[in-house]
>>> print(open('coords.txt').read())   # compact mmCIF, C-alpha atoms
# COMPACT_ATOMS: atom_id res chain seq x y z
CA MET A 29 90.55 -52.04 8.41
CA LEU A 30 86.79 -51.81 8.31
CA THR A 31 85.35 -54.64 6.24
CA LEU A 32 81.86 -54.52 4.82
CA GLY A 33 81.78 -58.19 4.21
CA LEU A 34 78.23 -59.12 3.41
CA ALA A 35 76.63 -58.60 0.05
CA GLY A 36 74.05 -55.87 0.35
CA THR A 37 75.72 -54.24 3.31
CA GLN A 38 75.79 -50.48 3.13
CA LEU A 39 77.63 -47.99 5.30
CA VAL A 40 75.64 -44.77 5.64
CA VAL A 41 77.66 -41.79 6.78
CA ASN A 42 75.72 -38.83 8.12
CA GLY A 43 78.38 -37.89 10.63
CA THR A 44 82.14 -38.30 10.33
CA VAL A 45 84.15 -41.36 9.44
CA ASP A 46 87.74 -40.66 10.31
CA LEU A 47 90.43 -42.85 8.78
CA ARG A 48 93.54 -42.51 10.88
CA ASN A 49 97.05 -43.80 10.47
CA GLY A 50 96.38 -45.37 7.11
CA ALA A 51 93.19 -47.22 8.09
CA ASP A 52 91.24 -48.73 5.19
CA ILE A 53 87.68 -49.66 4.26
CA ASP A 54 87.10 -52.78 2.20
CA GLY A 55 83.61 -53.06 0.82
CA ARG A 56 84.03 -54.66 -2.54
CA GLN A 57 81.23 -57.13 -1.88
CA SER A 58 78.92 -54.57 -0.36
CA THR A 59 76.43 -52.09 -1.73
CA GLY A 60 78.95 -49.49 -0.77
CA ILE A 61 79.13 -46.29 1.21
CA ARG A 62 76.54 -43.56 1.09
CA VAL A 63 77.81 -40.24 2.36
CA GLY A 64 74.82 -38.05 3.13
CA GLN A 65 74.72 -34.29 2.78
CA SER A 66 75.99 -33.81 6.32
CA GLY A 67 78.44 -36.70 6.08
CA LEU A 68 82.20 -36.52 6.00
CA LEU A 69 84.62 -39.26 5.02
CA ARG A 70 88.17 -38.20 5.66
CA SER A 71 91.72 -39.10 6.43
CA SER A 72 92.94 -37.05 9.32
CA THR A 73 96.40 -38.35 10.05
CA ALA A 74 99.29 -39.36 7.86
CA GLY A 75 100.10 -43.05 8.02
CA GLN A 76 102.97 -44.95 6.50
CA ASN A 77 100.48 -46.12 3.88
CA PRO A 78 97.55 -44.34 2.31
CA SER A 79 94.06 -44.84 3.60
CA SER A 80 92.25 -46.82 0.96
CA VAL A 81 88.50 -46.96 0.42
CA ASN A 82 87.69 -49.95 -1.73
CA ALA A 83 83.94 -49.63 -2.05
CA PRO A 84 81.61 -47.72 -4.33
CA VAL A 85 80.74 -44.35 -2.85
CA GLU A 86 77.53 -42.41 -3.41
CA LEU A 87 78.29 -38.88 -2.41
CA ALA A 88 76.10 -36.02 -1.29
CA GLY A 89 78.47 -34.86 1.43
CA ARG A 90 82.21 -34.49 1.59
CA VAL A 91 85.30 -36.60 1.06
CA ASP A 92 88.34 -34.80 2.42
CA ALA A 93 92.02 -35.51 2.85
CA ALA A 94 92.96 -33.46 5.89
CA ALA A 95 96.30 -35.24 6.29
CA GLY A 96 98.04 -38.13 4.60
CA THR A 97 96.76 -39.71 1.42
CA LEU A 98 93.19 -40.88 0.97
CA GLN A 99 92.51 -43.18 -1.97
CA THR A 100 89.12 -44.15 -3.32
CA ILE A 101 89.49 -47.09 -5.66
CA LEU A 102 85.96 -47.81 -6.86
CA PRO A 103 83.95 -44.99 -8.45
CA ILE A 104 82.53 -42.09 -6.55
CA THR A 105 79.09 -41.26 -7.93
CA THR A 106 77.19 -38.17 -6.98
CA ALA A 107 73.91 -38.83 -5.25
CA PRO A 108 70.91 -38.36 -7.55
CA ARG A 109 70.19 -34.67 -8.12
CA SER A 110 72.60 -33.66 -5.42
CA SER A 111 74.55 -30.44 -5.76
CA THR A 112 76.44 -30.73 -2.51
CA ALA A 113 79.01 -33.42 -3.25
CA LEU A 114 82.45 -32.11 -2.39
CA LEU A 115 85.87 -33.63 -2.82
CA SER A 116 88.58 -31.66 -1.15
CA THR A 117 92.00 -31.49 0.35
CA SER A 118 92.76 -29.52 3.46
CA GLY A 119 96.31 -30.65 4.08
CA GLY A 120 96.54 -34.11 2.55
CA SER A 121 96.27 -35.72 -0.86
CA LEU A 122 93.17 -37.26 -2.38
CA GLU A 123 93.44 -39.85 -5.13
CA VAL A 124 90.15 -40.71 -6.79
CA GLY A 125 89.90 -43.75 -9.03
CA ALA A 126 86.85 -42.51 -10.90
CA LEU A 127 84.29 -39.77 -10.52
CA GLU A 128 80.88 -39.78 -12.13
CA ALA A 129 78.38 -36.95 -11.91
CA GLY A 130 74.96 -38.33 -12.62
CA ILE A 131 71.92 -36.71 -14.13
CA GLY A 132 71.09 -33.36 -12.60
CA SER A 133 73.86 -33.50 -10.03
CA ARG A 134 77.06 -31.65 -9.36
CA ALA A 135 80.38 -32.48 -7.74
CA THR A 136 82.74 -29.76 -6.61
CA ILE A 137 86.47 -30.21 -6.21
CA GLU A 138 88.45 -27.88 -3.99
CA GLY A 139 92.06 -27.64 -2.92
CA THR A 140 95.39 -28.63 -4.34
CA GLY A 141 96.40 -32.25 -4.24
CA VAL A 142 93.38 -33.93 -5.79
CA THR A 143 94.15 -36.48 -8.49
CA LEU A 144 91.46 -38.03 -10.65
CA TYR A 145 92.50 -41.19 -12.41
CA SER A 146 89.39 -41.36 -14.54
CA LEU A 147 86.90 -38.62 -15.02
CA GLY A 148 83.53 -39.24 -16.57
CA ILE A 149 80.52 -37.08 -17.02
CA THR A 150 77.85 -39.65 -17.62
CA PRO A 151 75.52 -41.37 -18.06
CA GLY A 152 74.49 -40.77 -21.61
CA GLY A 153 72.48 -37.61 -21.87
CA GLY A 154 72.96 -36.73 -18.23
CA ALA A 155 73.51 -33.21 -17.11
CA GLY A 156 75.98 -33.89 -14.35
CA ASP A 157 78.46 -31.16 -13.67
CA ILE A 158 81.91 -31.34 -12.20
CA VAL A 159 83.22 -28.02 -10.93
CA VAL A 160 86.83 -27.29 -10.08
CA GLY A 161 86.23 -24.56 -7.55
CA SER A 162 89.74 -23.87 -6.37
CA GLY A 163 93.26 -25.22 -6.33
CA LEU A 164 94.82 -27.57 -8.85
CA LEU A 165 93.09 -30.72 -10.04
CA HIS A 166 95.30 -33.35 -11.62
CA ILE A 167 93.54 -35.55 -14.17
CA ILE A 168 95.15 -38.70 -15.52
CA THR A 169 92.52 -39.79 -18.00
CA TRP A 170 89.95 -37.44 -19.40
CA THR A 171 87.43 -38.48 -22.01
CA PRO A 172 84.58 -36.00 -21.99
CA LYS A 173 81.25 -37.49 -22.98
CA GLY A 174 77.59 -36.97 -22.36
CA SER A 175 75.99 -33.57 -21.99
CA GLY A 176 77.37 -32.78 -18.58
CA SER A 177 80.11 -30.30 -18.08
CA LEU A 178 83.44 -29.74 -16.45
CA HIS A 179 83.82 -26.17 -15.28
CA VAL A 180 87.17 -24.83 -14.15
CA MET A 181 86.38 -21.71 -12.17
CA PRO A 182 88.41 -18.49 -12.23
CA GLY A 183 91.60 -18.92 -10.22
CA ALA A 184 91.38 -22.71 -10.35
CA ALA A 185 93.41 -24.99 -12.58
CA ALA A 186 93.37 -28.48 -14.02
CA GLU A 187 96.31 -30.39 -15.37
CA VAL A 188 95.71 -33.34 -17.67
CA THR A 189 98.62 -35.74 -17.94
CA THR A 190 98.66 -38.21 -20.77
CA GLY A 191 99.61 -41.80 -20.36
CA ALA A 192 100.65 -41.57 -16.78
CA GLN A 193 101.34 -44.85 -15.10
CA GLY A 194 101.83 -45.91 -11.55
CA GLY A 195 101.48 -48.82 -9.22
CA TRP A 196 98.40 -47.41 -7.63
CA ARG A 197 96.56 -47.01 -10.90
CA SER A 198 96.90 -50.69 -11.64
CA ARG A 199 94.78 -51.34 -8.57
CA THR A 200 91.85 -49.30 -9.76
CA ALA A 201 88.72 -51.00 -10.95
CA THR A 202 88.40 -48.63 -13.84
CA GLY A 203 91.83 -49.33 -15.17
CA MET B 26 83.25 -27.96 -20.76
CA ILE B 27 83.94 -24.45 -19.59
CA ASN B 28 87.34 -23.18 -18.63
CA ASP B 29 87.45 -19.91 -16.74
CA GLY B 30 90.79 -20.78 -15.15
CA THR B 31 93.74 -22.70 -16.52
CA ILE B 32 93.82 -26.16 -18.07
CA THR B 33 97.20 -27.64 -18.92
CA PHE B 34 97.54 -30.72 -21.10
CA ARG B 35 100.86 -32.41 -20.52
CA GLN B 36 102.26 -35.36 -22.45
CA ARG B 37 104.65 -37.81 -20.93
CA SER B 38 107.58 -38.27 -23.23
CA ASN B 39 107.42 -42.05 -23.14
CA HIS B 40 103.85 -42.20 -24.38
CA SER B 41 104.20 -40.30 -27.59
CA ASN B 42 100.92 -41.46 -29.14
CA ALA B 43 98.69 -40.82 -26.20
CA VAL B 44 95.88 -38.31 -26.57
CA SER B 45 95.41 -35.68 -23.93
CA VAL B 46 91.79 -34.93 -24.57
CA SER B 47 89.34 -36.48 -26.98
CA LEU B 48 86.27 -34.41 -27.64
CA ALA B 49 83.16 -36.35 -28.52
CA PRO B 50 81.19 -35.33 -31.60
CA THR B 51 79.22 -32.11 -31.07
CA SER B 52 80.89 -31.52 -27.71
CA GLU B 53 82.37 -28.12 -27.00
CA LEU B 54 85.19 -26.87 -24.87
CA VAL B 55 84.61 -23.19 -24.16
CA ASN B 56 87.78 -21.42 -23.15
CA ASN B 57 87.52 -18.14 -21.30
CA GLY B 58 90.91 -18.57 -19.61
CA LYS B 59 94.11 -20.34 -20.56
CA LEU B 60 94.50 -23.62 -22.40
CA VAL B 61 98.08 -24.82 -22.44
CA PHE B 62 99.35 -27.75 -24.51
CA GLN B 63 102.78 -28.83 -23.33
CA ASP B 64 105.19 -30.74 -25.55
CA GLY B 65 103.21 -33.09 -27.82
CA ALA B 66 99.87 -33.02 -26.05
CA ASP B 67 97.01 -33.26 -28.51
CA ALA B 68 93.28 -32.58 -28.76
CA HIS B 69 91.50 -35.17 -30.84
CA GLY B 70 87.90 -35.40 -31.90
CA ALA B 71 87.12 -33.99 -35.31
CA GLY B 72 83.46 -33.48 -34.44
CA GLY B 73 84.15 -31.42 -31.37
CA THR B 74 84.79 -27.70 -31.11
CA ILE B 75 87.11 -25.62 -29.01
CA THR B 76 85.74 -22.09 -28.72
CA ASN B 77 88.45 -19.66 -27.72
CA ASN B 78 86.70 -16.53 -26.58
CA PRO B 79 88.00 -12.95 -26.59
CA GLY B 80 90.69 -12.50 -23.96
CA ALA B 81 91.34 -16.22 -23.76
CA SER B 82 94.42 -18.03 -25.01
CA ILE B 83 95.49 -21.36 -26.42
CA THR B 84 99.22 -21.81 -26.08
CA LYS B 85 101.64 -24.48 -27.26
CA GLY B 86 104.54 -24.72 -24.87
CA GLY B 87 107.27 -27.14 -23.96
CA ALA B 88 110.54 -27.80 -25.64
CA THR B 89 109.55 -30.69 -27.86
CA GLY B 90 106.84 -32.23 -29.93
CA THR B 91 104.00 -31.20 -32.15
CA THR B 92 100.57 -30.44 -30.80
CA PHE B 93 97.76 -31.56 -33.08
CA ILE B 94 94.38 -30.00 -32.54
CA GLU B 95 92.01 -32.07 -34.59
CA SER B 96 88.85 -30.47 -33.26
CA ALA B 97 87.46 -27.32 -34.80
CA VAL B 98 88.86 -24.16 -33.27
CA ASP B 99 86.50 -21.21 -33.23
CA ASN B 100 89.02 -18.58 -32.34
CA HIS B 101 88.17 -15.13 -31.05
CA GLY B 102 91.16 -14.92 -28.73
CA LEU B 103 94.86 -15.67 -28.89
CA LEU B 104 96.52 -18.71 -30.46
CA ARG B 105 100.23 -18.86 -29.79
CA SER B 106 103.07 -21.33 -30.16
CA GLU B 107 105.92 -20.48 -27.84
CA SER B 108 107.97 -23.43 -29.06
CA GLY B 109 107.50 -26.35 -31.40
CA LEU B 110 104.64 -26.72 -33.82
CA LEU B 111 101.00 -26.08 -33.12
CA LYS B 112 99.14 -27.80 -35.90
CA LEU B 113 95.44 -27.15 -36.42
CA THR B 114 93.97 -29.83 -38.62
CA GLY B 115 90.29 -29.20 -38.00
CA ALA B 116 87.91 -26.50 -39.11
CA PHE B 117 88.60 -22.90 -38.23
CA PRO B 118 85.17 -21.29 -38.39
CA ALA B 119 85.99 -17.86 -36.98
CA ILE B 120 87.44 -16.75 -40.27
CA THR B 121 86.98 -17.72 -43.86
CA GLY B 122 90.04 -19.45 -45.11
CA SER B 123 92.60 -21.92 -43.92
CA PRO B 124 94.10 -22.00 -40.45
>>> encode(input="coords.txt", output="structure tokens")
Amino acid sequence: MLTLGLAGTQLVVNGTVDLRNGADIDGRQSTGIRVGQSGLLRSSTAGQNPSSVNAPVELAGRVDAAAGTLQTILPITTAPRSSTALLSTSGGSLEVGALEAGIGSRATIEGTGVTLYSLGITPGGGAGDIVVGSGLLHIITWTPKGSGSLHVMPGAAAEVTTGAQGGWRSRTATG
Amino acid sequence: MINDGTITFRQRSNHSNAVSVSLAPTSELVNNGKLVFQDGADAHGAGGTITNNPGASITKGGATGTTFIESAVDNHGLLRSESGLLKLTGAFPAITGSP
């Protein structure tokens, strides 16, 4: 467990943060995690429990589940005007509590095994885009709003399941 | 929203009143691929529009339930119910007349 205990603490990732064997990050009191364009936050081994990231994430780089399950509980927000944010699976499962694409930014989702528990395209009149580039994206709650877009590319798929419940979802900040 | 692939809306049987997608007023879902509503999955949002382009399809599947599409459906492609009832309650601007 990596704890970002102090208010105002921020973890900046420009290299690789590797969560192994179910390791977690707890940063609920912190400013959160900023994954730069060259940064990678990943789970690389399968533990008995998922690796849980309980901190807000500002993403310009990549969050990847290479093995095991990687959960992000607080929202992932694309970095301002970034088009390089990538959420992917390359052998594991990625469970995202909430994803927000801000004004002028884009998040791309690739691979099968990504679950979004809450998908927003905000704020307000923002033009944030979320692109499903490949694989199958599973969406639990989908309430399109704002002027941003969700684009499912050719060959990719999204499945929206209504009213799904689960123990993990009850832990999410977004409900 | 733009769909060039496949989007499947699936309703869990124990949440019969849940809405699969709710389109905000003036929002548009442009379908160039496949939209599949399974069982009783619905599309709400009377002010929104689903544009089903040529070559694209909106299909009602699953063994049970009624799919309500409350949004306007501007249909230039295929609308098909393989089972159950596909009920369009919104505007249907591609043709003059009722759905």
>>> atom_distance(input="coords.txt", atom1="CA of Ile83 (chain B)", atom2="CA of Asn100 (chain B)")
9.2 Å
>>> interface_residues(input="coords.txt", of="chain B", to="chain A", cutoff="12 Å", atoms="only C-alpha atoms", output="PyMOL selection string")
chain B and resi 26-70+73
>>> residues_around(input="coords.txt", residues="Glu86 (chain A)", least_positions_apart="4", cutoff="9 Å", atoms="all atoms listed in the file", output="PyMOL selection string")
chain A and resi 60-64+103-108
>>> write_last_selection(input="coords.txt", atoms="C-alpha atoms", output="tab-separated table (two decimals), in the coordinates of the input")
chain	number	residue	atom	x	y	z
A	60	GLY	CA	78.95	-49.49	-0.77
A	61	ILE	CA	79.13	-46.29	1.21
A	62	ARG	CA	76.54	-43.56	1.09
A	63	VAL	CA	77.81	-40.24	2.36
A	64	GLY	CA	74.82	-38.05	3.13
A	103	PRO	CA	83.95	-44.99	-8.45
A	104	ILE	CA	82.53	-42.09	-6.55
A	105	THR	CA	79.09	-41.26	-7.93
A	106	THR	CA	77.19	-38.17	-6.98
A	107	ALA	CA	73.91	-38.83	-5.25
A	108	PRO	CA	70.91	-38.36	-7.55
>>> atom_distance(input="coords.txt", atom1="CA of Thr84 (chain B)", atom2="CA of Pro118 (chain B)")
18.7 Å
>>> closest_residue(input="coords.txt", among="A:Thr31, A:Ser110, A:Gly119, A:Gly67", to="Thr97 (chain A)", atoms="only C-alpha atoms")
A:Gly119
>>> atom_distance(input="coords.txt", atom1="CA of Thr89 (chain B)", atom2="CA of Leu110 (chain B)")
8.7 Å
>>> residues_around(input="coords.txt", residues="Gly36 (chain A)", least_positions_apart="6", cutoff="9 Å", atoms="all atoms listed in the file", output="ChimeraX atom specification")
/A:57-60
>>> residues_around(input="coords.txt", residues="Ser82 (chain B)", least_positions_apart="2", cutoff="6 Å", atoms="all atoms listed in the file", output="list in words")
Lys59, Gly102, Leu103 and Leu104 of chain B
>>> write_last_selection(input="coords.txt", atoms="C-alpha atoms", output="short mmCIF file (atom, residue, chain, number, x, y, z; two decimals), in the coordinates of the input")
data_model
loop_
_atom_site.label_atom_id
_atom_site.label_comp_id
_atom_site.auth_asym_id
_atom_site.auth_seq_id
_atom_site.Cartn_x
_atom_site.Cartn_y
_atom_site.Cartn_z
CA LYS B 59 94.11 -20.34 -20.56
CA GLY B 102 91.16 -14.92 -28.73
CA LEU B 103 94.86 -15.67 -28.89
CA LEU B 104 96.52 -18.71 -30.46
#
